[in-house]
>>> print(open('input.txt').read())   # compact mmCIF, C-alpha atoms
# COMPACT_ATOMS: atom_id res chain seq x y z
CA MET D 728 0.00 0.00 0.00
CA THR D 729 1.22 3.51 -0.86
CA ARG D 730 0.40 6.50 1.32
CA ILE D 731 1.16 10.21 1.31
CA ILE D 732 3.97 10.61 3.85
CA ALA D 733 3.53 14.17 5.08
CA GLY D 734 1.75 17.47 4.58
CA LYS D 735 -1.90 18.42 4.20
CA ALA D 736 -2.92 14.96 2.88
CA ARG D 737 -0.67 12.94 5.21
CA GLY D 738 -1.80 9.32 5.46
CA ALA D 739 -4.00 9.44 2.35
CA ARG D 740 -4.03 6.05 0.64
CA LEU D 741 -3.10 5.89 -3.02
CA ASP D 742 -4.03 3.23 -5.53
CA VAL D 743 -1.20 1.62 -7.50
CA PRO D 744 -1.57 0.28 -11.06
CA HIS D 745 -1.69 -3.53 -11.22
CA ALA D 746 1.05 -3.81 -13.84
CA GLY D 747 3.41 -1.81 -16.01
CA THR D 748 4.72 0.55 -13.34
CA ARG D 749 7.41 0.40 -10.66
CA PRO D 750 6.41 2.29 -7.50
CA THR D 751 9.20 4.01 -5.57
CA SER D 752 9.70 2.23 -2.24
CA ASP D 753 8.62 3.91 1.00
CA ARG D 754 12.23 4.07 2.22
CA VAL D 755 13.43 5.81 -0.92
CA ARG D 756 10.48 8.24 -0.90
CA GLU D 757 11.04 9.16 2.74
CA SER D 758 14.74 9.84 2.18
CA LEU D 759 14.09 11.70 -1.06
CA PHE D 760 11.47 14.02 0.36
CA GLY D 761 13.42 14.62 3.55
CA ALA D 762 16.31 15.83 1.40
CA LEU D 763 14.06 17.93 -0.84
CA GLU D 764 12.51 19.67 2.15
CA SER D 765 15.93 20.35 3.68
CA MET D 766 16.83 22.07 0.38
CA ASP D 767 13.55 24.03 0.39
CA ALA D 768 12.87 22.61 -3.06
CA ILE D 769 9.15 21.88 -2.68
CA ASP D 770 7.25 24.85 -1.27
CA GLY D 771 5.78 26.85 -4.16
CA ALA D 772 7.49 24.68 -6.80
CA ARG D 773 6.11 23.94 -10.25
CA VAL D 774 6.49 20.16 -10.41
CA LEU D 775 6.65 17.68 -13.28
CA ASP D 776 6.32 13.93 -12.60
CA LEU D 777 7.34 11.91 -15.68
CA TYR D 778 6.37 8.22 -16.06
CA ALA D 779 4.09 8.99 -13.11
CA GLY D 780 2.79 5.48 -12.35
CA SER D 781 0.48 6.08 -9.37
CA GLY D 782 1.43 9.76 -9.27
CA ALA D 783 2.79 9.34 -5.73
CA LEU D 784 5.86 11.54 -6.21
CA GLY D 785 4.06 14.49 -7.74
CA LEU D 786 1.13 14.20 -5.34
CA GLU D 787 3.47 14.11 -2.35
CA THR D 788 4.88 17.48 -3.40
CA LEU D 789 1.39 19.00 -3.60
CA SER D 790 0.61 17.71 -0.11
CA ARG D 791 3.79 19.44 1.09
CA GLY D 792 3.08 22.81 -0.51
CA ALA D 793 4.08 22.70 -4.18
CA ALA D 794 2.25 25.25 -6.32
CA SER D 795 1.32 22.89 -9.17
CA ALA D 796 2.07 19.46 -10.59
CA ASP D 797 1.83 17.91 -14.03
CA LEU D 798 1.68 14.10 -13.95
CA VAL D 799 2.58 12.35 -17.21
CA GLU D 800 1.68 8.69 -17.69
CA LYS D 801 1.34 6.85 -21.00
CA GLY D 802 -0.59 3.77 -19.86
CA ARG D 803 -4.37 4.06 -19.94
CA GLU D 804 -4.96 2.03 -16.77
CA ALA D 805 -2.21 3.82 -14.88
CA ALA D 806 -3.47 7.25 -15.97
CA ALA D 807 -6.93 6.32 -14.67
CA VAL D 808 -5.35 5.34 -11.34
CA VAL D 809 -3.54 8.70 -11.20
CA ARG D 810 -6.82 10.55 -11.75
CA ARG D 811 -8.43 8.63 -8.89
CA ASN D 812 -5.51 9.49 -6.63
CA VAL D 813 -5.74 13.15 -7.60
CA ALA D 814 -9.41 13.10 -6.58
CA VAL D 815 -8.49 11.63 -3.19
CA LEU D 816 -6.06 14.46 -2.50
CA THR D 817 -8.33 17.23 -3.70
CA LYS D 818 -10.87 16.08 -1.10
CA ALA D 819 -8.12 16.65 1.48
CA GLY D 820 -7.75 20.25 0.28
CA VAL D 821 -4.68 19.72 -1.91
CA PRO D 822 -4.53 21.59 -5.26
CA ALA D 823 -5.57 19.40 -8.16
CA ALA D 824 -2.73 18.02 -10.26
CA ARG D 825 -3.00 18.02 -14.04
CA VAL D 826 -2.93 14.47 -15.44
CA HIS D 827 -1.64 13.91 -18.99
CA GLN D 828 -2.13 10.51 -20.61
CA SER D 829 0.77 10.79 -23.02
CA ALA D 830 4.17 9.45 -23.93
CA VAL D 831 6.81 11.51 -22.16
CA ARG D 832 8.54 12.74 -25.33
CA ALA D 833 5.27 13.83 -26.91
CA PHE D 834 4.30 15.74 -23.77
CA LEU D 835 7.67 17.48 -23.50
CA GLN D 836 7.53 18.58 -27.13
CA ARG D 837 4.31 20.50 -26.51
CA ALA D 838 4.81 21.62 -22.89
CA THR D 839 5.76 25.20 -22.05
CA GLY D 840 7.16 25.01 -18.50
CA PRO D 841 9.13 26.24 -16.75
CA TYR D 842 9.43 23.55 -14.08
CA ASP D 843 11.30 23.86 -10.80
CA LEU D 844 11.28 20.22 -9.68
CA VAL D 845 11.14 17.19 -11.98
CA PHE D 846 10.91 13.48 -11.18
CA SER D 847 11.96 11.00 -13.88
CA ASP D 848 11.24 7.43 -12.83
CA PRO D 849 11.09 5.45 -16.09
CA PRO D 850 10.18 1.77 -16.23
CA TYR D 851 13.13 -0.58 -16.20
CA ASP D 852 12.40 -1.69 -19.77
CA LEU D 853 12.86 1.82 -21.18
CA ASP D 854 16.13 1.71 -23.08
CA ASP D 855 18.98 4.09 -22.28
CA GLU D 856 18.78 5.93 -25.60
CA ALA D 857 15.09 6.73 -25.11
CA MET D 858 15.64 7.90 -21.54
CA ASP D 859 18.50 10.20 -22.58
CA ALA D 860 16.42 11.63 -25.43
CA ASP D 861 13.61 12.38 -22.98
CA LEU D 862 16.05 14.20 -20.68
CA SER D 863 17.34 16.26 -23.60
CA ALA D 864 13.76 17.23 -24.48
CA LEU D 865 13.16 18.21 -20.85
CA SER D 866 16.14 20.56 -20.53
CA PRO D 867 14.61 23.62 -22.29
CA LEU D 868 11.60 23.46 -19.95
CA LEU D 869 13.58 23.87 -16.73
CA SER D 870 13.80 27.01 -14.63
CA PRO D 871 17.37 28.23 -13.99
CA ASP D 872 17.40 26.78 -10.46
CA ALA D 873 15.50 23.60 -11.29
CA LEU D 874 16.21 20.24 -9.70
CA VAL D 875 15.79 16.96 -11.62
CA VAL D 876 15.67 13.64 -9.76
CA ILE D 877 16.15 10.50 -11.86
CA GLU D 878 15.44 7.03 -10.46
CA ARG D 879 16.76 3.84 -12.06
CA ALA D 880 17.87 0.35 -11.09
CA ARG D 881 21.34 0.34 -9.51
CA ARG D 882 22.74 -1.75 -12.38
CA SER D 883 21.35 0.57 -15.06
CA THR D 884 23.62 2.72 -17.20
CA PRO D 885 23.80 6.21 -15.64
CA PRO D 886 21.83 8.85 -17.56
CA ASP D 887 23.79 10.99 -20.03
CA LEU D 888 23.37 14.23 -18.14
CA VAL D 889 25.98 16.17 -20.10
CA ALA D 890 24.15 15.59 -23.39
CA ALA D 891 20.93 16.75 -21.71
CA GLY D 892 22.52 19.99 -20.50
CA LEU D 893 22.49 18.92 -16.85
CA ASP D 894 25.09 18.82 -14.08
CA LEU D 895 25.15 15.96 -11.56
CA ILE D 896 24.96 17.27 -8.00
CA ARG D 897 24.24 14.08 -6.05
CA GLU D 898 24.08 10.33 -6.57
CA LYS D 899 22.73 7.99 -3.91
CA THR D 900 22.04 4.27 -3.91
CA TYR D 901 19.42 2.50 -1.78
CA GLY D 902 19.70 -1.25 -2.22
CA ASP D 903 18.75 -1.91 -5.86
CA THR D 904 17.72 1.69 -6.59
CA THR D 905 19.90 4.67 -7.52
CA LEU D 906 18.83 8.30 -7.54
CA TRP D 907 20.68 10.89 -9.60
CA TRP D 908 20.09 14.54 -8.70
CA ALA D 909 20.87 17.09 -11.39
CA GLU D 910 20.46 20.77 -12.19
CA PRO D 911 20.77 22.87 -15.37
CA ALA D 912 24.40 23.00 -16.41
CA GLN D 913 26.44 25.68 -14.69
CA SER D 914 29.99 26.87 -15.25
CA ALA D 915 32.86 24.43 -15.71
CA ASP D 916 34.10 25.11 -12.18
CA ALA D 917 30.84 23.99 -10.56
CA ALA D 918 31.07 22.05 -7.32
CA GLN D 919 31.80 18.34 -7.47
CA PRO D 920 28.79 16.02 -7.02
CA ASP D 921 28.00 14.37 -3.71
CA VAL D 922 28.10 10.58 -4.23
CA GLU D 923 26.73 8.32 -1.52
CA SER D 924 25.80 4.67 -1.23
CA GLN D 925 23.56 2.84 1.20
CA SER D 926 23.56 -0.94 1.18
CA ARG D 927 20.92 -2.57 3.30
>>> encode(input="input.txt", output="structure tokens")
Amino acid sequence: MTRIIAGKARGARLDVPHAGTRPTSDRVRESLFGALESMDAIDGARVLDLYAGSGALGLETLSRGAASADLVEKGREAAAVVRRNVAVLTKAGVPAARVHQSAVRAFLQRATGPYDLVFSDPPYDLDDEAMDADLSALSPLLSPDALVVIERARRSTPPDLVAAGLDLIREKTYGDTTLWWAEPAQSADAAQPDVESQSR
């Protein structure tokens, strides 16, 4: 079972699609959102949740004070689940997220942005070339201080951030899951990324 961890809709239960998606584990979500709040990256943010699955990541930000969220999910069943979850949170007084049943690339090609916080949690079967192309399409839609969080299996090839115009600022592994944190590319003398690993 997936629940909203904190904020206005804390404890709200979210449906999860039966197949075709890979929900982020509770432990990873708790660590991720703890870090985002410590960076003051959520309050008032314009959020984009790509490959949304249940929509849990984007909806968590709305519960915690994000200004808006666009949830992008290609699968028909999963998109229906996201809409149901959005309805649950709006009853708790959370702003309604916008749900887009669309392939990620197609959405990014017509979106206007800008976005301050982006989650990219593609299914494991999405090939590296497609994921990197999606990141490249995302780059023009980012605000100057945007933060992009990419989730993949630990054994996956790291995303090609340089080609997408992004700088790595943090990499952290939780068991079989790795998160890459990135921001729009800065100067060549930008700070070195923070690389951590947790094996449990």
>>> residues_around(input="input.txt", residues="range 759-771 of chain D", least_positions_apart="3", cutoff="6 Å", atoms="all atoms listed in the file", output="ChimeraX atom specification")
/D:755-756,792-794
>>> closest_residue(input="input.txt", among="D:Ile877, D:Ala805, D:Ile732, D:Ala772", to="Arg754 in chain D", atoms="only C-alpha atoms")
D:Ile732
>>> atom_distance(input="input.txt", atom1="CA of Leu888 in chain D", atom2="CA of Val831 in chain D")
17.3 Å
>>> atom_distance(input="input.txt", atom1="CA of Glu757 in chain D", atom2="CA of Lys735 in chain D")
16.0 Å
>>> residues_around(input="input.txt", residues="range 908-911 of chain D", least_positions_apart="2", cutoff="6 Å", atoms="all atoms listed in the file", output="list in words")
Ala873, Leu874, Val875, Val876, Leu893, Asp894, Leu895, Ile896 and Arg897 of chain D
>>> write_last_selection(input="input.txt", atoms="C-alpha atoms", output="tab-separated table (two decimals), in the frame of the given file")
chain	number	residue	atom	x	y	z
D	873	ALA	CA	15.50	23.60	-11.29
D	874	LEU	CA	16.21	20.24	-9.70
D	875	VAL	CA	15.79	16.96	-11.62
D	876	VAL	CA	15.67	13.64	-9.76
D	893	LEU	CA	22.49	18.92	-16.85
D	894	ASP	CA	25.09	18.82	-14.08
D	895	LEU	CA	25.15	15.96	-11.56
D	896	ILE	CA	24.96	17.27	-8.00
D	897	ARG	CA	24.24	14.08	-6.05
>>> closest_atom_pairs(input="input.txt", of="range 751-794 of chain D", to="range 856-868 of chain D", cutoff="12 Å", atoms="all atoms listed in the file", output="JSON lines")
{"residue": "D:Arg773", "atom": "CA", "partner": "D:Leu868", "partner_atom": "CA", "distance": 11.2}
{"residue": "D:Val774", "atom": "CA", "partner": "D:Leu868", "partner_atom": "CA", "distance": 11.3}
{"residue": "D:Leu775", "atom": "CA", "partner": "D:Leu865", "partner_atom": "CA", "distance": 10.0}
{"residue": "D:Asp776", "atom": "CA", "partner": "D:Leu865", "partner_atom": "CA", "distance": 11.5}
{"residue": "D:Leu777", "atom": "CA", "partner": "D:Asp861", "partner_atom": "CA", "distance": 9.6}
{"residue": "D:Tyr778", "atom": "CA", "partner": "D:Met858", "partner_atom": "CA", "distance": 10.8}
>>> atom_distance(input="input.txt", atom1="CA of Phe846 in chain D", atom2="CA of Leu798 in chain D")
9.7 Å
>>> closest_residue(input="input.txt", among="D:Pro744, D:Pro850, D:Pro841, D:Gly785", to="Ala824 in chain D", atoms="all atoms listed in the file")
D:Gly785
>>> residues_around(input="input.txt", residues="Leu789 in chain D", least_positions_apart="6", cutoff="8 Å", atoms="only C-alpha atoms", output="ChimeraX atom specification")
/D:795-796,821-822,824
>>> closest_residue(input="input.txt", among="D:Lys801, D:Ala736, D:Leu844, D:Lys818", to="Leu786 in chain D", atoms="all atoms listed in the file")
D:Ala736
>>> closest_residue(input="input.txt", among="D:Gly892, D:Gly802, D:Gly734, D:Gly840", to="Gly820 in chain D", atoms="all atoms listed in the file")
D:Gly734
>>> residues_around(input="input.txt", residues="Thr751 in chain D", least_positions_apart="2", cutoff="9 Å", atoms="all atoms listed in the file", output="mmCIF file with C-alpha atoms, in the frame of the given file")
data_model
loop_
_atom_site.group_PDB
_atom_site.id
_atom_site.type_symbol
_atom_site.label_atom_id
_atom_site.label_comp_id
_atom_site.auth_asym_id
_atom_site.auth_seq_id
_atom_site.Cartn_x
_atom_site.Cartn_y
_atom_site.Cartn_z
ATOM 1 C CA ARG D 749 7.410 0.400 -10.660
ATOM 2 C CA ASP D 753 8.620 3.910 1.000
ATOM 3 C CA ARG D 754 12.230 4.070 2.220
ATOM 4 C CA VAL D 755 13.430 5.810 -0.920
ATOM 5 C CA ARG D 756 10.480 8.240 -0.900
ATOM 6 C CA ALA D 783 2.790 9.340 -5.730
ATOM 7 C CA LEU D 784 5.860 11.540 -6.210
ATOM 8 C CA ASP D 848 11.240 7.430 -12.830
ATOM 9 C CA GLU D 878 15.440 7.030 -10.460
ATOM 10 C CA THR D 904 17.720 1.690 -6.590
#
>>> decode(input="input.txt", residues="range 763-842 of chain D", atoms="C-alpha atoms", output="CSV table (one decimal), in the first residue's frame")
chain,number,residue,atom,x,y,z
D,763,LEU,CA,14.1,17.9,-0.8
D,764,GLU,CA,12.5,19.7,2.2
D,765,SER,CA,15.9,20.4,3.7
D,766,MET,CA,16.8,22.1,0.4
D,767,ASP,CA,13.6,24.0,0.4
D,768,ALA,CA,12.9,22.6,-3.1
D,769,ILE,CA,9.1,21.9,-2.7
D,770,ASP,CA,7.2,24.9,-1.3
D,771,GLY,CA,5.8,26.8,-4.2
D,772,ALA,CA,7.5,24.7,-6.8
D,773,ARG,CA,6.1,23.9,-10.2
D,774,VAL,CA,6.5,20.2,-10.4
D,775,LEU,CA,6.7,17.7,-13.3
D,776,ASP,CA,6.3,13.9,-12.6
D,777,LEU,CA,7.3,11.9,-15.7
D,778,TYR,CA,6.4,8.2,-16.1
D,779,ALA,CA,4.1,9.0,-13.1
D,780,GLY,CA,2.8,5.5,-12.4
D,781,SER,CA,0.5,6.1,-9.4
D,782,GLY,CA,1.4,9.8,-9.3
D,783,ALA,CA,2.8,9.3,-5.7
D,784,LEU,CA,5.9,11.5,-6.2
D,785,GLY,CA,4.1,14.5,-7.7
D,786,LEU,CA,1.1,14.2,-5.3
D,787,GLU,CA,3.5,14.1,-2.3
D,788,THR,CA,4.9,17.5,-3.4
D,789,LEU,CA,1.4,19.0,-3.6
D,790,SER,CA,0.6,17.7,-0.1
D,791,ARG,CA,3.8,19.4,1.1
D,792,GLY,CA,3.1,22.8,-0.5
D,793,ALA,CA,4.1,22.7,-4.2
D,794,ALA,CA,2.2,25.2,-6.3
D,795,SER,CA,1.3,22.9,-9.2
D,796,ALA,CA,2.1,19.5,-10.6
D,797,ASP,CA,1.8,17.9,-14.0
D,798,LEU,CA,1.7,14.1,-13.9
D,799,VAL,CA,2.6,12.4,-17.2
D,800,GLU,CA,1.7,8.7,-17.7
D,801,LYS,CA,1.3,6.8,-21.0
D,802,GLY,CA,-0.6,3.8,-19.9
D,803,ARG,CA,-4.4,4.1,-19.9
D,804,GLU,CA,-5.0,2.0,-16.8
D,805,ALA,CA,-2.2,3.8,-14.9
D,806,ALA,CA,-3.5,7.2,-16.0
D,807,ALA,CA,-6.9,6.3,-14.7
D,808,VAL,CA,-5.4,5.3,-11.3
D,809,VAL,CA,-3.5,8.7,-11.2
D,810,ARG,CA,-6.8,10.5,-11.7
D,811,ARG,CA,-8.4,8.6,-8.9
D,812,ASN,CA,-5.5,9.5,-6.6
D,813,VAL,CA,-5.7,13.2,-7.6
D,814,ALA,CA,-9.4,13.1,-6.6
D,815,VAL,CA,-8.5,11.6,-3.2
D,816,LEU,CA,-6.1,14.5,-2.5
D,817,THR,CA,-8.3,17.2,-3.7
D,818,LYS,CA,-10.9,16.1,-1.1
D,819,ALA,CA,-8.1,16.7,1.5
D,820,GLY,CA,-7.7,20.2,0.3
D,821,VAL,CA,-4.7,19.7,-1.9
D,822,PRO,CA,-4.5,21.6,-5.3
D,823,ALA,CA,-5.6,19.4,-8.2
D,824,ALA,CA,-2.7,18.0,-10.3
D,825,ARG,CA,-3.0,18.0,-14.0
D,826,VAL,CA,-2.9,14.5,-15.4
D,827,HIS,CA,-1.6,13.9,-19.0
D,828,GLN,CA,-2.1,10.5,-20.6
D,829,SER,CA,0.8,10.8,-23.0
D,830,ALA,CA,4.2,9.5,-23.9
D,831,VAL,CA,6.8,11.5,-22.2
D,832,ARG,CA,8.5,12.7,-25.3
D,833,ALA,CA,5.3,13.8,-26.9
D,834,PHE,CA,4.3,15.7,-23.8
D,835,LEU,CA,7.7,17.5,-23.5
D,836,GLN,CA,7.5,18.6,-27.1
D,837,ARG,CA,4.3,20.5,-26.5
D,838,ALA,CA,4.8,21.6,-22.9
D,839,THR,CA,5.8,25.2,-22.1
D,840,GLY,CA,7.2,25.0,-18.5
D,841,PRO,CA,9.1,26.2,-16.8
D,842,TYR,CA,9.4,23.5,-14.1
